[in-house]
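The structure appears below as structure tokens.
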Amino acid sequence: MADRGCPLDVAPLPAEVRESLAELELELSEGDITQKGYEKKRAKLLARYVPLLQGVDPCLQAENRIPGPSVTTAVPKPQKSRPTSSRDERFRSDVHTEAVQAALAKYKERKMPMPSKRRSVLVHPSVETCTPPDTSSASEDEGSLRRPGRPTSAPLQSHPSVEPWLDRVIQGSSTSSSASSTSSHPGGRPTAAPSAATALAAHAHIGVPVNSRVSSKIQQLLNTLKRPKRPPLKEFFVDDFEELLEVQQPDPNQPKPEGAEVVVLKGEPLAMGTPWPPSLLAALQRWGTTQPKAPCLTALDTAGKAVYTLTYGKLWTRSLKLAYTLLNKLTSKNEPLLKPGDRVALVFPNSDPVMFMVAFYGCLLAELVPVPIEVPLTRKDAGSQQVGFLLGSCGVALALTTEACQKGLPKSQTGEVAHFKGWPPLAWLVIDGKHLAKPPKDWHPAAQDTGAGTAYIEYRTSKEGSTVGVTVSHASLLAQCRALTQACGYSEAETLTNVLDFKRDAGLWHGVLTSVMNRMHVVSIPYALMKANPLSWIQKVCSYKAHAALVKSRDMHWSLLAQRGQRDVSLSSLRMLIVADGANPWSISSCDAFLNVFQSRGLRPEAICPCASSPEALTVAIRRPPDLGGPPPRKAILSMNGLSYGVIRVDTEEKLSVLTVQDVGQVMPGASVCVVKVEGTPYLCKTDEVGEICVHSSATGTAYYGLLGITKNVFETVPITSGGAPVSERPFTRTGLLGFIGPDSLVFVVGKLDGLMAVGVRRHSADDVVATALAVEPMKFVYRGR
């Protein structure tokens, strides 16, 4: 290291200047500043003291030479000191500083020689080489402070109480020159003497007699070193624990529900005397044999062209073929592979509704339980693993698919469909026409799709990512088809345009089940077409003169962005535009904006029909057009502050702190609805209180397949009054929807249980966060598809 001029321990310099010079020297030794920068700062510090330093011994000016004892110890090779950017004031100690300075002064009096070319030892008393490392930023470096196999000084080895960071002091103060290297011969002695810190520690341990005051100070220093480097972990959190244990006092000004207790709301009864088919399969057989050429389902390609129209005759004969093949042509060790009630996976892409429909009805005819799932894209997809858990718990051993879909699945080295991670072993059956056996003329399926037996299983993914299967019985399926037919006023030969996923939820209930009950014609629009042309569903409504359309608010939003320049579009044929996600708070903005643009193109305001549904309760409520007896639509402008306390307070529209929601219509025919408290015992809420909507109906799911515990909690809830009396002898199903009953017995939904965020005593909805962002400046802050 270059000559640094004036010593740091001369008497004329004040203590704070000496300390500043010591810090400067430490920065230079650790590479934090350059030699030039060091000299510049040093000169600036000493400028006003230059006259005081004249006459000082030149040998002291040449170098910081502090005499010390010549104790021969093995000094480890120099190790690069770990750079540090922050100084921890917690470890500063005046006692520490005073003790080391006193000890060094003692050694100076004895005039013992010290090696040259060494870092100033006076840095150590006030600076952080004597500071224990901050364990909060621990790294591998700390583990390498004591190098295995390298001897340290004997006194330190024999005294385990000295902390590892003292080694760092010793190593850091050794020089990088050859003076610090040890002999390569066995037993060789080091040529460099230890630093003053080493000497000091060694002196304290060996017991060299020193002034009693210094001894007590050194003892105090060593006692300090024995203490833990950091306080015990619990001391850091004691305050937080006290705050957590402290019961939060409710805000005296917080709004509280003041209304009367809600009563159970009953929908209109299912129409009696209507010539309903006795079952869904009876309807399929009837239309397949009496109206074989009537169109059932039209599939479009990604360019919007109709690639195939499935007639009711074809649907009936193909479903029969599949049922016969499943029951009679699949054997394992000369025994049928499947028996009635077995579960079968349906693996079909969203672009192939025709083959999915054949597979679904083929399973029903064969008395098998279809489990529709998504097509797995990779062998280790995380979402696919959850579906694998569902398939395993359902005991699925066979998957139905098409030739085209099977070609796209990952393959093993033998060319067979690969085993997907987390999935049970599956046999794969391709159900294209050439692979199916024609049944004998006298063969008829034994299926009677009525009663409590399971019709199909729909998967549901929770917010934690787990997948469960909701079982829907034959009785529930039939009741759902009848209730939807009555609520939507469906009639024979009507055309429905469906943009939704036909494998589940409203897309399945309207586009695959209820449509067959009423011999409707469904035009299924693949999602790939919607991405390429967001206006495609409107164009198909126009070209097919569709009476009903099934969409989500996002489809309305995207078509608004793409509609400029379209002049020849007319929506006058639509009597119902069913908004399947009408329960989401932000859907109202899409509905209003869509009506503003397309009302001039034939869309009637009363045609927009938001609805609410859940996998467990199926359709909960739907808005009816006036000709079906529906009251006029309603909006509710609610205080967000009130909602955060679960209380309904009407507010004004001018504020940004409000949530505007639309009704989702009336309760379904044949159903009863009530609102219960979100947590704890299912007490009925008050009329101005937000709670979970519960439904009693013959058209709901019946259980989570194979999960008895959570099934009882969700599908067998018994709401009770404030007096503790049950509201009904029959259990209700929890919907997972948060809302209230408004004027005209209309249902309002303000969020979902899955999206509820509790912060202290207040509750916030993830949907509200999105709705708020959309209300502020949708085009600037919220991106499409986010």
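Scheme for the structure tokens: letters A, B, ... for chains in order shown; per-chain residue numbers from 1; ligand numbers from 1 in order shown.
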Can you pull out every residue within 8 Å of A:Ser698, counting only C-alpha atoms, but drop anything in the same chain fewer than 4 positions away, and send it as JSON, numbers by chain? {"A": [475, 476, 479, 480, 670, 671]}
Selection from above, N, CA, C and O atoms, as a PDB file, in the first residue's frame, can you write it?
```pdb
ATOM      1  N   ALA A 475     -82.245 -36.887 -12.769  1.00  0.00           N
ATOM      2  CA  ALA A 475     -83.406 -36.082 -12.378  1.00  0.00           C
ATOM      3  C   ALA A 475     -83.063 -34.599 -12.440  1.00  0.00           C
ATOM      4  O   ALA A 475     -83.875 -33.779 -12.908  1.00  0.00           O
ATOM      5  N   SER A 476     -81.857 -34.223 -11.981  1.00  0.00           N
ATOM      6  CA  SER A 476     -81.448 -32.813 -12.024  1.00  0.00           C
ATOM      7  C   SER A 476     -81.295 -32.330 -13.454  1.00  0.00           C
ATOM      8  O   SER A 476     -81.679 -31.200 -13.793  1.00  0.00           O
ATOM      9  N   ALA A 479     -84.742 -31.753 -14.873  1.00  0.00           N
ATOM     10  CA  ALA A 479     -85.358 -30.571 -14.251  1.00  0.00           C
ATOM     11  C   ALA A 479     -84.715 -29.289 -14.765  1.00  0.00           C
ATOM     12  O   ALA A 479     -85.403 -28.280 -14.991  1.00  0.00           O
ATOM     13  N   GLN A 480     -83.394 -29.306 -14.972  1.00  0.00           N
ATOM     14  CA  GLN A 480     -82.693 -28.126 -15.492  1.00  0.00           C
ATOM     15  C   GLN A 480     -83.160 -27.802 -16.912  1.00  0.00           C
ATOM     16  O   GLN A 480     -83.416 -26.638 -17.249  1.00  0.00           O
ATOM     17  N   GLY A 670     -89.484 -23.339 -10.182  1.00  0.00           N
ATOM     18  CA  GLY A 670     -89.389 -24.512  -9.330  1.00  0.00           C
ATOM     19  C   GLY A 670     -88.306 -24.436  -8.276  1.00  0.00           C
ATOM     20  O   GLY A 670     -88.044 -25.425  -7.581  1.00  0.00           O
ATOM     21  N   ALA A 671     -87.641 -23.276  -8.127  1.00  0.00           N
ATOM     22  CA  ALA A 671     -86.530 -23.151  -7.174  1.00  0.00           C
ATOM     23  C   ALA A 671     -86.901 -22.204  -6.044  1.00  0.00           C
ATOM     24  O   ALA A 671     -87.784 -21.353  -6.180  1.00  0.00           O
TER      25      ALA A 671
END
```
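The protein and nucleic acid residues lying at most 12 Å from A:Asp592 are Ser553, Met556, His557, Leu560, Gly582, Trp586, Ser587, Ile588, Asn596, Val597, Phe598, Gln599, Leu603, Pro605, Glu606, Ile608, Cys609, Pro610, Lys635, Thr660, Val661 and Gln662 of chain A, with only C-alpha atoms considered and sequence neighbours fewer than 4 positions away removed.
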Would you save the residues of that selection, restricted to N, CA and C atoms, as a PDB file, in the first residue's frame?
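Contents of again-v2.pdb, as written:
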```pdb
ATOM      1  N   SER A 553     -69.761 -11.447 -21.517  1.00  0.00           N
ATOM      2  CA  SER A 553     -69.590 -10.002 -21.706  1.00  0.00           C
ATOM      3  C   SER A 553     -68.332  -9.686 -22.492  1.00  0.00           C
ATOM      4  N   MET A 556     -69.122  -9.528 -26.158  1.00  0.00           N
ATOM      5  CA  MET A 556     -69.773  -8.265 -26.521  1.00  0.00           C
ATOM      6  C   MET A 556     -68.744  -7.154 -26.606  1.00  0.00           C
ATOM      7  N   HIS A 557     -67.813  -7.164 -25.663  1.00  0.00           N
ATOM      8  CA  HIS A 557     -66.774  -6.123 -25.619  1.00  0.00           C
ATOM      9  C   HIS A 557     -65.900  -6.177 -26.867  1.00  0.00           C
ATOM     10  N   LEU A 560     -67.612  -5.010 -30.001  1.00  0.00           N
ATOM     11  CA  LEU A 560     -67.726  -3.540 -30.047  1.00  0.00           C
ATOM     12  C   LEU A 560     -66.472  -2.929 -30.648  1.00  0.00           C
ATOM     13  N   GLY A 582     -73.319 -12.648 -16.501  1.00  0.00           N
ATOM     14  CA  GLY A 582     -73.977 -11.415 -16.056  1.00  0.00           C
ATOM     15  C   GLY A 582     -73.805 -11.146 -14.583  1.00  0.00           C
ATOM     16  N   TRP A 586     -68.529  -6.237 -13.747  1.00  0.00           N
ATOM     17  CA  TRP A 586     -68.134  -5.422 -14.900  1.00  0.00           C
ATOM     18  C   TRP A 586     -68.966  -5.734 -16.152  1.00  0.00           C
ATOM     19  N   SER A 587     -69.810  -6.774 -16.114  1.00  0.00           N
ATOM     20  CA  SER A 587     -70.570  -7.122 -17.318  1.00  0.00           C
ATOM     21  C   SER A 587     -71.572  -6.022 -17.681  1.00  0.00           C
ATOM     22  N   ILE A 588     -71.983  -5.228 -16.693  1.00  0.00           N
ATOM     23  CA  ILE A 588     -72.983  -4.185 -16.972  1.00  0.00           C
ATOM     24  C   ILE A 588     -72.452  -3.159 -17.964  1.00  0.00           C
ATOM     25  N   ASN A 596     -76.012   0.482 -26.682  1.00  0.00           N
ATOM     26  CA  ASN A 596     -75.880   1.826 -27.271  1.00  0.00           C
ATOM     27  C   ASN A 596     -75.537   1.762 -28.752  1.00  0.00           C
ATOM     28  N   VAL A 597     -74.678   0.796 -29.112  1.00  0.00           N
ATOM     29  CA  VAL A 597     -74.216   0.700 -30.505  1.00  0.00           C
ATOM     30  C   VAL A 597     -75.221  -0.062 -31.365  1.00  0.00           C
ATOM     31  N   PHE A 598     -75.759  -1.177 -30.851  1.00  0.00           N
ATOM     32  CA  PHE A 598     -76.554  -2.073 -31.701  1.00  0.00           C
ATOM     33  C   PHE A 598     -78.070  -1.872 -31.593  1.00  0.00           C
ATOM     34  N   GLN A 599     -78.504  -0.961 -30.758  1.00  0.00           N
ATOM     35  CA  GLN A 599     -79.942  -0.682 -30.707  1.00  0.00           C
ATOM     36  C   GLN A 599     -80.408  -0.120 -32.050  1.00  0.00           C
ATOM     37  N   LEU A 603     -81.393  -4.306 -32.230  1.00  0.00           N
ATOM     38  CA  LEU A 603     -81.361  -4.981 -30.923  1.00  0.00           C
ATOM     39  C   LEU A 603     -82.329  -4.288 -29.958  1.00  0.00           C
ATOM     40  N   PRO A 605     -83.803  -3.438 -26.256  1.00  0.00           N
ATOM     41  CA  PRO A 605     -83.201  -3.395 -24.910  1.00  0.00           C
ATOM     42  C   PRO A 605     -83.626  -4.571 -24.045  1.00  0.00           C
ATOM     43  N   GLU A 606     -84.898  -5.003 -24.167  1.00  0.00           N
ATOM     44  CA  GLU A 606     -85.375  -6.090 -23.304  1.00  0.00           C
ATOM     45  C   GLU A 606     -84.815  -7.457 -23.701  1.00  0.00           C
ATOM     46  N   ILE A 608     -81.647  -8.194 -23.830  1.00  0.00           N
ATOM     47  CA  ILE A 608     -80.417  -8.503 -23.071  1.00  0.00           C
ATOM     48  C   ILE A 608     -80.806  -9.149 -21.742  1.00  0.00           C
ATOM     49  N   CYS A 609     -80.373 -10.385 -21.549  1.00  0.00           N
ATOM     50  CA  CYS A 609     -80.795 -11.184 -20.387  1.00  0.00           C
ATOM     51  C   CYS A 609     -79.586 -11.730 -19.635  1.00  0.00           C
ATOM     52  N   PRO A 610     -79.068 -10.987 -18.644  1.00  0.00           N
ATOM     53  CA  PRO A 610     -77.974 -11.527 -17.832  1.00  0.00           C
ATOM     54  C   PRO A 610     -78.492 -12.687 -16.970  1.00  0.00           C
ATOM     55  N   LYS A 635     -80.998  -1.485 -11.964  1.00  0.00           N
ATOM     56  CA  LYS A 635     -79.582  -1.261 -11.636  1.00  0.00           C
ATOM     57  C   LYS A 635     -79.493  -0.859 -10.177  1.00  0.00           C
ATOM     58  N   THR A 660     -71.703  -0.148  -9.585  1.00  0.00           N
ATOM     59  CA  THR A 660     -73.005  -0.271 -10.234  1.00  0.00           C
ATOM     60  C   THR A 660     -73.173  -1.697 -10.725  1.00  0.00           C
ATOM     61  N   VAL A 661     -74.234  -2.353 -10.286  1.00  0.00           N
ATOM     62  CA  VAL A 661     -74.494  -3.735 -10.704  1.00  0.00           C
ATOM     63  C   VAL A 661     -75.881  -3.811 -11.320  1.00  0.00           C
ATOM     64  N   GLN A 662     -76.065  -4.831 -12.161  1.00  0.00           N
ATOM     65  CA  GLN A 662     -77.371  -5.056 -12.777  1.00  0.00           C
ATOM     66  C   GLN A 662     -77.983  -6.320 -12.184  1.00  0.00           C
TER      67      GLN A 662
END
```
Would you pick out the contacts of A:Glu679 at 12 Å or less, using only C-alpha atoms, so that residues sharing its chain but fewer than 3 positions from it are not included, and give the list as a PyMOL selection string? chain A and resi 646+676+682-685+690-692+738+753+756+758+763
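Taking atom CA of A:Thr274 and atom CA of A:Glu729 as endpoints, the distance between them is 28.4 Å.
Comparing A:Gln406, A:Ser536, A:Asn223, A:Gln413 by their smallest distance to A:Val430, the closest is A:Gln406 (using only C-alpha atoms).
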Excluding stretch 374-382 of chain A and its own-chain neighbours fewer than 3 positions away, which residues fall within 9 Å of it when counting only C-alpha atoms? Please give them as a list in words. Leu346, Val347, Phe348, Pro349, Asn350, Gln385, Gln386, Val387, Cys405, Gly408, Leu409, Pro410, Ala418, His419, Phe420, Lys421, Gly422 and Lys503 of chain A
Just to be explicit: take each residue in the selection above, keep N, CA, C and O atoms, and write the result as a PDB file, in the first residue's frame.
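For reference, result_17.pdb as written:
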```
ATOM      1  N   LEU A 346     -64.321 -37.719 -21.686  1.00  0.00           N
ATOM      2  CA  LEU A 346     -64.535 -37.211 -23.041  1.00  0.00           C
ATOM      3  C   LEU A 346     -63.475 -36.160 -23.332  1.00  0.00           C
ATOM      4  O   LEU A 346     -63.429 -35.127 -22.670  1.00  0.00           O
ATOM      5  N   VAL A 347     -62.600 -36.469 -24.309  1.00  0.00           N
ATOM      6  CA  VAL A 347     -61.468 -35.585 -24.621  1.00  0.00           C
ATOM      7  C   VAL A 347     -61.646 -35.059 -26.044  1.00  0.00           C
ATOM      8  O   VAL A 347     -61.263 -35.723 -27.019  1.00  0.00           O
ATOM      9  N   PHE A 348     -62.249 -33.871 -26.146  1.00  0.00           N
ATOM     10  CA  PHE A 348     -62.538 -33.303 -27.459  1.00  0.00           C
ATOM     11  C   PHE A 348     -62.164 -31.825 -27.463  1.00  0.00           C
ATOM     12  O   PHE A 348     -62.396 -31.123 -26.478  1.00  0.00           O
ATOM     13  N   PRO A 349     -61.597 -31.341 -28.586  1.00  0.00           N
ATOM     14  CA  PRO A 349     -61.215 -29.921 -28.651  1.00  0.00           C
ATOM     15  C   PRO A 349     -62.460 -29.040 -28.769  1.00  0.00           C
ATOM     16  O   PRO A 349     -63.547 -29.498 -29.137  1.00  0.00           O
ATOM     17  N   ASN A 350     -62.282 -27.756 -28.470  1.00  0.00           N
ATOM     18  CA  ASN A 350     -63.403 -26.809 -28.528  1.00  0.00           C
ATOM     19  C   ASN A 350     -63.888 -26.553 -29.952  1.00  0.00           C
ATOM     20  O   ASN A 350     -64.893 -25.870 -30.143  1.00  0.00           O
ATOM     21  N   GLN A 385     -52.501 -32.147 -14.445  1.00  0.00           N
ATOM     22  CA  GLN A 385     -52.289 -33.032 -13.296  1.00  0.00           C
ATOM     23  C   GLN A 385     -53.498 -33.003 -12.366  1.00  0.00           C
ATOM     24  O   GLN A 385     -53.899 -34.025 -11.817  1.00  0.00           O
ATOM     25  N   GLN A 386     -54.089 -31.819 -12.172  1.00  0.00           N
ATOM     26  CA  GLN A 386     -55.276 -31.723 -11.338  1.00  0.00           C
ATOM     27  C   GLN A 386     -56.436 -32.489 -11.958  1.00  0.00           C
ATOM     28  O   GLN A 386     -57.198 -33.153 -11.264  1.00  0.00           O
ATOM     29  N   VAL A 387     -56.563 -32.410 -13.289  1.00  0.00           N
ATOM     30  CA  VAL A 387     -57.591 -33.185 -13.979  1.00  0.00           C
ATOM     31  C   VAL A 387     -57.305 -34.672 -13.812  1.00  0.00           C
ATOM     32  O   VAL A 387     -58.224 -35.482 -13.645  1.00  0.00           O
ATOM     33  N   CYS A 405     -57.944 -35.567 -33.033  1.00  0.00           N
ATOM     34  CA  CYS A 405     -57.479 -35.137 -31.709  1.00  0.00           C
ATOM     35  C   CYS A 405     -56.389 -36.066 -31.196  1.00  0.00           C
ATOM     36  O   CYS A 405     -55.400 -35.616 -30.622  1.00  0.00           O
ATOM     37  N   GLY A 408     -52.908 -35.380 -32.393  1.00  0.00           N
ATOM     38  CA  GLY A 408     -52.250 -34.219 -31.795  1.00  0.00           C
ATOM     39  C   GLY A 408     -51.777 -34.437 -30.374  1.00  0.00           C
ATOM     40  O   GLY A 408     -51.070 -33.587 -29.821  1.00  0.00           O
ATOM     41  N   LEU A 409     -52.156 -35.558 -29.751  1.00  0.00           N
ATOM     42  CA  LEU A 409     -51.738 -35.805 -28.362  1.00  0.00           C
ATOM     43  C   LEU A 409     -50.282 -36.242 -28.307  1.00  0.00           C
ATOM     44  O   LEU A 409     -49.786 -36.886 -29.246  1.00  0.00           O
ATOM     45  N   PRO A 410     -49.565 -35.930 -27.226  1.00  0.00           N
ATOM     46  CA  PRO A 410     -48.173 -36.404 -27.094  1.00  0.00           C
ATOM     47  C   PRO A 410     -48.124 -37.931 -27.140  1.00  0.00           C
ATOM     48  O   PRO A 410     -48.997 -38.611 -26.586  1.00  0.00           O
ATOM     49  N   ALA A 418     -49.190 -40.897 -24.900  1.00  0.00           N
ATOM     50  CA  ALA A 418     -48.294 -40.872 -23.741  1.00  0.00           C
ATOM     51  C   ALA A 418     -49.092 -40.902 -22.439  1.00  0.00           C
ATOM     52  O   ALA A 418     -50.260 -40.510 -22.389  1.00  0.00           O
ATOM     53  N   HIS A 419     -48.405 -41.361 -21.386  1.00  0.00           N
ATOM     54  CA  HIS A 419     -49.037 -41.319 -20.057  1.00  0.00           C
ATOM     55  C   HIS A 419     -48.823 -39.924 -19.486  1.00  0.00           C
ATOM     56  O   HIS A 419     -47.693 -39.456 -19.357  1.00  0.00           O
ATOM     57  N   PHE A 420     -49.919 -39.252 -19.161  1.00  0.00           N
ATOM     58  CA  PHE A 420     -49.828 -37.885 -18.646  1.00  0.00           C
ATOM     59  C   PHE A 420     -49.557 -37.915 -17.149  1.00  0.00           C
ATOM     60  O   PHE A 420     -50.112 -38.743 -16.423  1.00  0.00           O
ATOM     61  N   LYS A 421     -48.706 -37.005 -16.707  1.00  0.00           N
ATOM     62  CA  LYS A 421     -48.306 -36.964 -15.309  1.00  0.00           C
ATOM     63  C   LYS A 421     -49.523 -36.787 -14.401  1.00  0.00           C
ATOM     64  O   LYS A 421     -50.325 -35.883 -14.588  1.00  0.00           O
ATOM     65  N   GLY A 422     -49.654 -37.673 -13.416  1.00  0.00           N
ATOM     66  CA  GLY A 422     -50.763 -37.584 -12.466  1.00  0.00           C
ATOM     67  C   GLY A 422     -52.034 -38.265 -12.934  1.00  0.00           C
ATOM     68  O   GLY A 422     -53.017 -38.313 -12.201  1.00  0.00           O
ATOM     69  N   LYS A 503     -68.767 -27.874 -23.518  1.00  0.00           N
ATOM     70  CA  LYS A 503     -68.498 -29.045 -22.671  1.00  0.00           C
ATOM     71  C   LYS A 503     -68.925 -28.847 -21.224  1.00  0.00           C
ATOM     72  O   LYS A 503     -68.938 -29.791 -20.446  1.00  0.00           O
TER      73      LYS A 503
END
```
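Across the structure, atom CA of A:Ser384 and atom CA of A:Ser412 are spaced 17.3 Å apart.
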Run DSSP on the backbone and grab whatever in stretch 371-615 of chain A lands in strand (DSSP E or B); send it over as a PyMOL selection string. chain A and resi 371-373+398-401+411+417+427-430+454-461+467-473+495-498+521-524+548-551+576-579+608-614
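Around A:Leu45, within 9 Å and counting only C-alpha atoms, the residues found are Val17, Ser20, Leu21 and Lys40 of chain A, once anything fewer than 5 positions away on its own chain is removed.
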Selected residues written out with N, CA and C atoms, as an mmCIF file, in the first residue's frame:
```
data_model
loop_
_atom_site.group_PDB
_atom_site.id
_atom_site.type_symbol
_atom_site.label_atom_id
_atom_site.label_comp_id
_atom_site.auth_asym_id
_atom_site.auth_seq_id
_atom_site.Cartn_x
_atom_site.Cartn_y
_atom_site.Cartn_z
ATOM 1 N N VAL A 17 -11.670 13.654 13.754
ATOM 2 C CA VAL A 17 -10.876 13.666 12.525
ATOM 3 C C VAL A 17 -10.146 12.338 12.393
ATOM 4 N N SER A 20 -12.547 9.839 11.173
ATOM 5 C CA SER A 20 -12.859 10.005 9.746
ATOM 6 C C SER A 20 -11.734 9.466 8.885
ATOM 7 N N LEU A 21 -10.454 9.752 9.331
ATOM 8 C CA LEU A 21 -9.308 9.231 8.581
ATOM 9 C C LEU A 21 -9.286 7.704 8.625
ATOM 10 N N LYS A 40 -7.116 12.627 -2.044
ATOM 11 C CA LYS A 40 -7.839 13.886 -2.174
ATOM 12 C C LYS A 40 -8.683 14.164 -0.927
#
```
All alpha helix (DSSP H) residues (DSSP, backbone) inside stretch 369-403 of chain A, as an MDAnalysis selection string: chainID A and resid 382:393 403
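Each of A:Leu327, A:Val523, A:Ala397, A:Cys542 was compared to A:Trp443 using only C-alpha atoms, and A:Leu327 turns out to be the nearest.
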Using only C-alpha atoms, which protein or nucleic acid residues come within 10 Å of A:Pro743? Drop anything in the same chain fewer than 5 positions from it, and give the result as a PyMOL selection string. chain A and resi 631+634+636+663+748
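Picture a line from atom CA of A:Leu550 to atom CA of A:Val769; it runs 26.2 Å.
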